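Data block for coords12.cif (mmCIF, C-alpha atoms):
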```
data_my_file
loop_
_atom_site.label_atom_id
_atom_site.label_comp_id
_atom_site.auth_asym_id
_atom_site.auth_seq_id
_atom_site.Cartn_x
_atom_site.Cartn_y
_atom_site.Cartn_z
CA MET V 16 -17.81 -22.96 -3.69
CA ILE V 17 -14.69 -21.62 -5.41
CA ILE V 18 -13.15 -22.96 -8.61
CA ASP V 19 -9.53 -22.24 -9.49
CA GLU V 20 -6.37 -23.93 -10.71
CA THR V 21 -2.78 -24.12 -9.63
CA SER V 22 0.36 -25.37 -11.34
CA PHE V 23 3.22 -27.61 -10.32
CA PRO V 24 6.51 -26.89 -12.14
CA LYS V 25 8.22 -30.15 -13.16
CA LYS V 26 11.31 -31.22 -15.06
CA GLY V 27 11.27 -33.91 -17.68
CA LEU V 28 8.42 -35.34 -19.74
CA ARG V 29 7.26 -38.43 -17.83
CA SER V 30 5.21 -36.96 -14.97
CA CYS V 31 1.53 -37.46 -15.76
CA GLY V 32 0.09 -34.41 -17.54
CA VAL V 33 3.34 -32.45 -17.64
CA ALA V 34 3.77 -30.14 -20.63
CA PRO V 35 4.84 -26.59 -21.51
CA GLN V 36 1.85 -24.54 -20.35
CA TYR V 37 1.09 -21.36 -18.47
CA CYS V 38 2.33 -21.74 -14.91
CA GLY V 39 0.69 -19.29 -12.53
CA THR V 40 3.21 -20.19 -9.84
CA LEU V 41 6.00 -18.79 -12.04
CA GLY V 42 3.90 -16.26 -13.97
CA GLN V 43 5.05 -17.60 -17.33
CA THR V 44 4.88 -20.61 -19.63
CA ALA V 45 6.92 -23.48 -18.22
CA ASN V 46 7.08 -27.24 -18.01
CA ALA V 47 4.41 -28.04 -15.45
CA GLN V 48 1.39 -30.02 -14.34
CA VAL V 49 -1.89 -28.17 -13.76
CA GLY V 50 -4.65 -29.17 -11.38
CA VAL V 51 -8.18 -27.75 -11.18
CA PHE V 52 -9.48 -27.47 -7.62
CA LEU V 53 -12.78 -26.87 -5.85
CA ALA V 54 -12.74 -25.19 -2.43
CA TYR V 55 -15.54 -24.68 0.06
CA SER V 56 -15.63 -21.41 1.99
CA SER V 57 -17.73 -20.37 4.98
CA VAL V 58 -17.48 -18.01 7.92
CA HIS V 59 -15.40 -20.68 9.66
CA GLY V 60 -12.71 -21.00 7.01
CA THR V 61 -11.86 -22.41 3.60
CA ALA V 62 -10.84 -25.95 2.66
CA PHE V 63 -10.58 -27.96 -0.55
CA ILE V 64 -13.17 -30.61 -1.37
CA ASP V 65 -12.18 -31.90 -4.84
CA ARG V 66 -9.44 -31.89 -7.48
CA ALA V 67 -8.75 -32.93 -11.08
CA LEU V 68 -5.52 -33.26 -13.06
CA TYR V 69 -5.55 -31.50 -16.41
CA LEU V 70 -4.29 -33.61 -19.32
CA PRO V 71 -3.15 -31.55 -22.36
CA ARG V 72 -3.96 -32.82 -25.85
CA THR V 73 -0.34 -33.86 -26.30
CA TRP V 74 -1.07 -36.48 -23.65
CA THR V 75 -4.52 -37.68 -24.63
CA LYS V 76 -3.37 -38.11 -28.26
CA ASP V 77 -0.48 -40.35 -27.16
CA SER V 78 -1.99 -43.62 -25.91
CA GLN V 79 1.40 -45.19 -25.11
CA ARG V 80 2.47 -42.21 -23.04
CA CYS V 81 -0.81 -42.33 -21.13
CA ALA V 82 -0.46 -46.08 -20.55
CA ASP V 83 3.08 -45.63 -19.20
CA ALA V 84 1.78 -43.04 -16.71
CA GLY V 85 -1.16 -45.18 -15.66
CA VAL V 86 -3.83 -42.88 -17.09
CA PRO V 87 -7.19 -44.72 -17.12
CA LEU V 88 -8.40 -45.81 -20.56
CA MET V 89 -11.63 -43.84 -20.03
CA ALA V 90 -9.73 -40.57 -19.60
CA ARG V 91 -10.24 -38.24 -22.55
CA PHE V 92 -9.19 -34.68 -23.24
CA ALA V 93 -11.20 -32.20 -21.19
CA THR V 94 -10.75 -28.46 -20.97
CA LYS V 95 -10.20 -26.90 -17.58
CA GLY V 96 -13.75 -25.54 -17.81
CA ALA V 97 -15.08 -29.05 -18.35
CA LEU V 98 -13.07 -30.29 -15.36
CA ALA V 99 -14.52 -27.46 -13.26
CA LYS V 100 -18.02 -28.59 -14.22
CA ARG V 101 -17.20 -32.16 -13.17
CA LEU V 102 -16.03 -31.02 -9.76
CA LEU V 103 -19.09 -28.84 -9.26
CA GLU V 104 -21.41 -31.56 -10.52
CA ARG V 105 -20.06 -33.94 -7.89
CA ALA V 106 -20.55 -31.27 -5.23
CA PHE V 107 -24.12 -30.63 -6.38
CA ALA V 108 -24.85 -34.37 -6.30
CA ALA V 109 -23.46 -34.54 -2.76
CA ALA V 110 -25.77 -31.65 -1.74
CA VAL V 111 -22.91 -29.44 -0.57
CA PRO V 112 -24.74 -26.49 1.08
CA ALA V 113 -23.44 -23.46 -0.80
CA ARG V 114 -25.31 -20.35 -1.96
CA TRP V 115 -22.74 -19.12 -4.46
CA VAL V 116 -20.20 -20.33 -6.99
CA VAL V 117 -17.14 -18.11 -7.44
CA ALA V 118 -14.42 -18.18 -10.09
CA ASP V 119 -11.89 -15.90 -11.77
CA ASN V 120 -12.13 -14.60 -15.33
CA PHE V 121 -10.54 -17.71 -16.85
CA TYR V 122 -13.77 -19.55 -16.09
CA GLY V 123 -16.17 -16.61 -15.79
CA ARG V 124 -15.53 -15.28 -19.28
CA ALA V 125 -16.93 -18.51 -20.78
CA HIS V 126 -20.61 -18.10 -21.63
CA HIS V 127 -21.21 -21.85 -21.60
CA PHE V 128 -19.85 -22.11 -18.05
CA ARG V 129 -22.13 -19.36 -16.73
CA GLN V 130 -25.10 -20.77 -18.64
CA TRP V 131 -24.41 -24.22 -17.19
CA LEU V 132 -24.47 -22.80 -13.66
CA GLU V 133 -27.79 -21.08 -14.35
CA GLN V 134 -29.27 -24.28 -15.73
CA HIS V 135 -28.37 -25.90 -12.42
CA GLY V 136 -30.07 -23.07 -10.53
CA ARG V 137 -26.82 -21.74 -9.08
CA SER V 138 -26.01 -18.15 -8.18
CA TYR V 139 -22.53 -16.95 -9.03
CA VAL V 140 -20.03 -14.08 -9.01
CA VAL V 141 -17.33 -14.66 -11.62
CA GLY V 142 -14.59 -12.53 -13.12
CA ILE V 143 -14.83 -11.42 -16.74
CA LEU V 144 -12.55 -9.62 -19.18
CA PRO V 145 -12.81 -5.83 -19.70
CA ALA V 146 -13.88 -6.36 -23.33
CA GLN V 147 -16.79 -8.64 -22.45
CA VAL V 148 -20.14 -7.36 -23.71
CA VAL V 149 -22.98 -6.77 -21.24
CA VAL V 150 -26.46 -5.31 -21.65
CA HIS V 151 -27.31 -2.26 -19.53
CA ASP V 152 -30.52 -0.25 -20.04
CA GLY V 153 -31.14 -2.25 -23.19
CA GLN V 154 -27.81 -1.31 -24.77
CA ARG V 155 -24.92 -3.66 -25.48
CA GLN V 156 -21.62 -2.30 -24.18
CA ARG V 157 -18.24 -3.60 -23.27
CA ALA V 158 -17.72 -3.86 -19.52
CA LYS V 159 -14.80 -1.42 -19.54
CA ALA V 160 -16.74 1.21 -21.53
CA LEU V 161 -19.76 0.91 -19.24
CA ALA V 162 -17.58 1.31 -16.16
CA ALA V 163 -15.98 4.43 -17.67
CA SER V 164 -19.41 6.04 -17.98
CA VAL V 165 -20.24 5.59 -14.31
CA SER V 166 -20.52 8.80 -12.34
CA SER V 167 -18.09 9.49 -9.50
CA GLU V 168 -20.98 9.25 -7.00
CA ALA V 169 -21.59 5.63 -8.03
CA TRP V 170 -18.23 4.50 -6.69
CA VAL V 171 -18.38 3.46 -3.05
CA ARG V 172 -15.57 2.29 -0.80
CA ARG V 173 -16.34 -1.19 0.50
CA SER V 174 -14.43 -4.02 2.12
CA SER V 175 -14.43 -7.32 0.27
CA GLY V 176 -13.10 -9.18 3.31
CA THR V 177 -10.16 -9.39 5.66
CA GLY V 178 -6.73 -10.14 4.25
CA SER V 179 -3.32 -10.70 5.79
CA GLN V 180 -2.92 -6.91 6.16
CA GLY V 181 -6.43 -6.12 7.38
CA GLU V 182 -9.60 -5.14 5.55
CA ARG V 183 -9.35 -5.19 1.74
CA VAL V 184 -10.95 -1.83 1.00
CA GLN V 185 -11.44 -0.75 -2.61
CA GLU V 186 -13.90 1.31 -4.60
CA TRP V 187 -16.78 -0.62 -6.10
CA ALA V 188 -19.48 0.19 -8.62
CA CYS V 189 -22.50 -2.02 -9.22
CA LEU V 190 -24.79 -1.76 -12.25
CA ALA V 191 -27.92 -3.80 -12.82
CA LEU V 192 -27.92 -5.56 -16.18
CA THR V 193 -31.07 -5.85 -18.27
CA GLU V 194 -30.34 -9.24 -19.77
CA ALA V 195 -33.09 -11.84 -19.41
CA ALA V 196 -32.96 -13.92 -16.22
CA ALA V 197 -35.04 -16.58 -14.49
CA PRO V 198 -37.98 -15.34 -12.38
CA GLY V 199 -36.78 -13.84 -9.11
CA MET V 200 -33.17 -13.64 -10.32
CA GLY V 201 -31.09 -10.61 -11.27
CA ARG V 202 -27.86 -9.82 -13.09
CA TRP V 203 -25.22 -7.24 -12.24
CA LEU V 204 -21.87 -5.94 -13.42
CA LEU V 205 -19.49 -5.37 -10.53
CA VAL V 206 -16.40 -3.24 -11.02
CA ARG V 207 -13.56 -3.08 -8.51
CA ARG V 208 -11.16 -0.10 -8.56
CA PRO V 209 -8.05 -0.19 -6.33
CA LEU V 210 -7.45 2.98 -4.32
CA GLU V 211 -3.75 3.10 -5.27
CA HIS V 212 -4.21 2.20 -8.95
CA PRO V 213 -7.64 3.44 -10.10
CA ASP V 214 -6.97 2.46 -13.72
CA ASP V 215 -6.41 -1.17 -12.82
CA CYS V 216 -10.06 -2.22 -12.62
CA ALA V 217 -11.41 -5.75 -12.28
CA TYR V 218 -14.80 -6.79 -13.65
CA PHE V 219 -17.31 -9.36 -12.44
CA ARG V 220 -20.60 -10.77 -13.64
CA ALA V 221 -23.05 -11.61 -10.87
CA TYR V 222 -26.24 -13.67 -11.05
CA GLY V 223 -28.41 -14.27 -8.01
CA PRO V 224 -31.64 -13.50 -6.14
CA VAL V 225 -32.98 -10.14 -7.32
CA ASP V 226 -32.98 -8.73 -3.77
CA THR V 227 -29.27 -9.41 -3.23
CA SER V 228 -27.56 -6.36 -1.74
CA VAL V 229 -24.47 -4.73 -3.23
CA ALA V 230 -22.60 -5.42 0.02
CA GLU V 231 -23.35 -9.14 -0.37
CA LEU V 232 -22.16 -9.18 -3.99
CA VAL V 233 -18.92 -7.46 -2.99
CA ARG V 234 -18.43 -9.91 -0.14
CA VAL V 235 -18.91 -12.90 -2.44
CA ALA V 236 -16.53 -11.46 -5.04
CA GLY V 237 -13.91 -11.11 -2.31
CA VAL V 238 -14.30 -14.75 -1.22
CA ARG V 239 -12.37 -15.91 -4.28
CA TRP V 240 -9.10 -14.82 -2.69
CA SER V 241 -9.53 -17.43 0.04
CA ILE V 242 -8.67 -20.21 -2.43
CA GLU V 243 -5.37 -18.44 -3.18
CA GLU V 244 -4.67 -18.46 0.54
CA GLY V 245 -5.62 -22.14 0.57
CA PHE V 246 -3.09 -22.92 -2.17
CA ALA V 247 -0.40 -21.06 -0.24
CA GLN V 248 -1.26 -22.98 2.95
CA THR V 249 -1.38 -26.41 1.34
CA LYS V 250 1.91 -25.85 -0.47
CA GLY V 251 3.63 -24.28 2.52
CA GLU V 252 2.24 -26.40 5.36
CA VAL V 253 1.31 -29.83 4.02
CA GLY V 254 3.50 -30.20 0.91
CA LEU V 255 0.90 -30.08 -1.85
CA ASP V 256 3.61 -29.41 -4.45
CA GLN V 257 6.34 -31.48 -2.83
CA TYR V 258 6.11 -34.83 -4.56
CA GLU V 259 8.09 -36.91 -7.05
CA VAL V 260 5.36 -39.24 -8.29
CA ARG V 261 4.89 -39.69 -12.02
CA HIS V 262 1.76 -41.82 -12.35
CA TRP V 263 -1.93 -40.88 -12.41
CA ASP V 264 -2.76 -42.76 -9.19
CA GLY V 265 0.28 -41.41 -7.37
CA TRP V 266 -0.64 -37.81 -8.16
CA HIS V 267 -4.23 -38.25 -7.01
CA ARG V 268 -3.23 -40.06 -3.83
CA HIS V 269 -0.69 -37.41 -2.83
CA ILE V 270 -3.00 -34.48 -3.63
CA THR V 271 -5.98 -36.08 -1.86
CA LEU V 272 -3.96 -36.77 1.28
CA CYS V 273 -2.68 -33.19 1.34
CA LEU V 274 -6.18 -31.75 0.90
CA LEU V 275 -7.53 -33.98 3.67
CA THR V 276 -4.71 -32.91 6.00
CA HIS V 277 -5.33 -29.25 5.18
CA ALA V 278 -9.09 -29.63 5.81
CA TYR V 279 -8.33 -31.23 9.19
CA LEU V 280 -6.08 -28.30 10.13
CA VAL V 281 -8.74 -25.78 9.04
CA VAL V 282 -11.35 -27.48 11.24
CA VAL V 283 -8.99 -27.67 14.24
CA SER V 284 -8.09 -24.00 13.79
CA ALA V 285 -11.76 -22.97 13.57
CA ARG V 286 -12.62 -24.87 16.76
CA ALA V 287 -9.66 -23.32 18.55
CA ARG V 288 -10.81 -19.82 17.54
CA ASP V 289 -14.36 -20.59 18.70
CA ALA V 290 -13.06 -21.85 22.04
CA LEU V 291 -10.91 -18.72 22.44
CA ARG V 292 -13.87 -16.44 21.70
CA LEU V 293 -16.03 -18.33 24.16
CA ASP V 294 -13.33 -18.09 26.83
CA ARG V 295 -12.99 -14.33 26.28
CA LYS V 296 -16.77 -13.93 26.46
CA LYS V 297 -16.89 -15.83 29.76
CA LYS V 298 -14.12 -13.65 31.17
CA ARG V 299 -15.98 -10.47 30.17
CA VAL V 300 -19.16 -11.74 31.82
CA CYS V 301 -17.22 -12.60 34.99
CA ARG V 302 -15.67 -9.11 35.10
CA ILE V 303 -19.09 -7.51 34.69
CA LEU V 304 -20.54 -9.65 37.48
CA LEU V 305 -17.61 -8.92 39.81
CA CYS V 306 -17.93 -5.18 39.19
CA SER V 307 -21.69 -5.14 39.69
CA PRO V 308 -22.92 -3.69 43.05
#
```
In structure tokens, how does this file's structure come out?
Amino acid sequence: MIIDETSFPKKGLRSCGVAPQYCGTLGQTANAQVGVFLAYSSVHGTAFIDRALYLPRTWTKDSQRCADAGVPLMARFATKGALAKRLLERAFAAAVPARWVVADNFYGRAHHFRQWLEQHGRSYVVGILPAQVVVHDGQRQRAKALAASVSSEAWVRRSSGTGSQGERVQEWACLALTEAAAPGMGRWLLVRRPLEHPDDCAYFRAYGPVDTSVAELVRVAGVRWSIEEGFAQTKGEVGLDQYEVRHWDGWHRHITLCLLTHAYLVVVSARARDALRLDRKKKRVCRILLCSP
């Protein structure tokens, strides 16, 4: 399960939740709405399973503004991290079969978010900031400093998955952390170093079964990019960001319909790929039989 957010640039002040805030779509602060999303990823594809609209404090402190936009009376200010927990909590309650929770460093850098996942018995691979402190061999060090001390032999080229231009191959280093963990569970610091820009490292905290392989940790870290692809698909193919509604209910209805449509397309595409593979396999078997003496 992958947690992330996306923004919807908007003009004016009346659209529910709109405010000057960081807009990832534009890469700068702008007037926008922000939604937190939960996606489900498997070998068959990635689709969204839940969503939440972020309400800035400027909204929750203005009861008349909220009333005009149809915001429920029970709605209170909640950070994006708190919204992420709500989405995950609903997924846990629904027994969604997922082995890992994945998020970028906006969520992963928060100790309370990681601790909450551990309290729920969930394994995770989440991004962290370079300055985050970790414990390795009993010593507290910042992630960036620890990565700098890694020997050249510790860096291994691995693929974190297939992207639009083929395998995403980078150099990875994995260090076991000596922080306390539940029985049978381990902690690791993962560091990703691009081949073209070796100074532009990314850092991840991982928590999972102690026998988890490095290849599996790298694979899980790479899964996060599939939600970015999902955002691009839903905006480009089913109009996730193409709406003019202003009210709370209107936003949720439009977003839910788009996510449902996208999930349908993902399932249809997966079945079509399976059918194509089966057809190719049958043709290979036929050729072998025809060529046999």
_Contacts of range 66-75 of chain V at 10 Å (all atoms listed in the file; same-chain gap of 6+ positions) as a PyMOL selection string_ = chain V and resi 18-20+22+31-36+48-54+81+84+86+88+90-95+98-99+101-102+263+266-267+270-271+274
_Test item: residues at most 7 Å from range 278-290 of chain V, all atoms listed in the file, excluding those fewer than 2 positions along its chain, as a PyMOL selection string_ = chain V and resi 59-60+62-63+274-276+292-294
_Two-atom distance - CA of Arg155 in chain V, CA of Arg207 in chain V (Å)_ = 20.4 Å
*asked:* I'd like the neighbourhood of Glu182 in chain V as a ChimeraX atom specification, where a residue qualifies if any of its atoms comes within 12 Å (using all atoms listed in the file), though same-chain residues fewer than 4 positions away should be ignored.
replied: /V:172-178,234,237
Expected file: the selected residues, C-alpha atoms, as a compact mmCIF listing (two decimals), in the coordinates of the input:
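Listed below is the output, selection-v3.txt:
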```txt
# COMPACT_ATOMS: atom_id res chain seq x y z
CA ARG V 172 -15.57 2.29 -0.80
CA ARG V 173 -16.34 -1.19 0.50
CA SER V 174 -14.43 -4.02 2.12
CA SER V 175 -14.43 -7.32 0.27
CA GLY V 176 -13.10 -9.18 3.31
CA THR V 177 -10.16 -9.39 5.66
CA GLY V 178 -6.73 -10.14 4.25
CA ARG V 234 -18.43 -9.91 -0.14
CA GLY V 237 -13.91 -11.11 -2.31
```
*asked:* For a quick check of understanding, using all atoms listed in the file, which of V:Ile64, V:Tyr37, V:His277, V:Tyr122 has the smallest distance to Gln248 in chain V?
replied: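 Closest to Gln248 in chain V of all the choices is V:His277.
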*Tyr222 in chain V: which residues within 8 Å, counting all atoms listed in the file, same-chain residues fewer than 6 positions away excluded, as a ChimeraX atom specification?*
/V:138-140,200-203
*In Å, with one decimal, what is the gap from CA of Val141 in chain V to CA of Val206 in chain V?*
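Separating CA of Val141 in chain V from CA of Val206 in chain V is a distance of 11.5 Å.
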*Taking only C-alpha atoms into account, which of V:Ala230, V:Val148, V:Leu28, V:Met16 comes nearest Glu186 in chain V?*
V:Ala230
_Result set, the PyMOL selection byres ((chain V and resi 125-129) around 9) on current file, as a list in words_ =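 On the file shown, the PyMOL selection byres ((chain V and resi 125-129) around 9) covers Gly96, Ala97, Ala99, Lys100, Asn120, Phe121, Tyr122, Gly123, Arg124, Gln130, Trp131, Leu132, Glu133, Gln134, Tyr139, Val141 and Ile143 of chain V.
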*asked:* Nearest residue to Trp187 in chain V out of V:Pro224, V:Gly136, V:Gly199, V:Pro209, using all atoms listed in the file?
replied: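 Among V:Pro224, V:Gly136, V:Gly199, V:Pro209, it is V:Pro209 that comes nearest to Trp187 in chain V.
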*Which residue out of V:Val117, V:Arg261, V:Ser164, V:Leu192 has the minimum interatomic distance to Gly85 in chain V when all atoms listed in the file are used?*
V:Arg261
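Interatomic distance, CA of Cys189 in chain V against CA of Leu204 in chain V: 5.8 Å.
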_I need the residue nearest Val235 in chain V from this list: V:Pro213, V:Gly42, V:Gly142, V:Gly251. Use all atoms listed in the file for the distance._
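The answer is V:Gly142, which sits nearest to Val235 in chain V.
Of the residues listed (V:Phe246, V:Phe107, V:Trp115, V:Tyr218), V:Tyr218 shows the shortest atom-to-atom separation from Gln147 in chain V; distances use all atoms listed in the file.
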Using 8 Å of padding on each side, determine the axis-aligned box around all atoms of range 85-98 of chain V present in the file and give its centre and edge lengths in Å to one decimal, as AutoDock Vina command-line options.
```
--center_x -8.1 --center_y -35.7 --center_z -19.3 --size_x 29.9 --size_y 36.3 --size_z 23.9
```
*Starting from the displayed file, determine the output of the PyMOL selection byres ((chain V and resi 23) around 10) and express the residue list as a list in words.*
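Checking the PyMOL selection byres ((chain V and resi 23) around 10) against this file, the residues are Thr21, Ser22, Pro24, Lys25, Val33, Cys38, Gly39, Thr40, Leu41, Ala45, Asn46, Ala47, Gln48, Val49, Gly50, Leu255, Asp256, Gln257 and Tyr258 of chain V.
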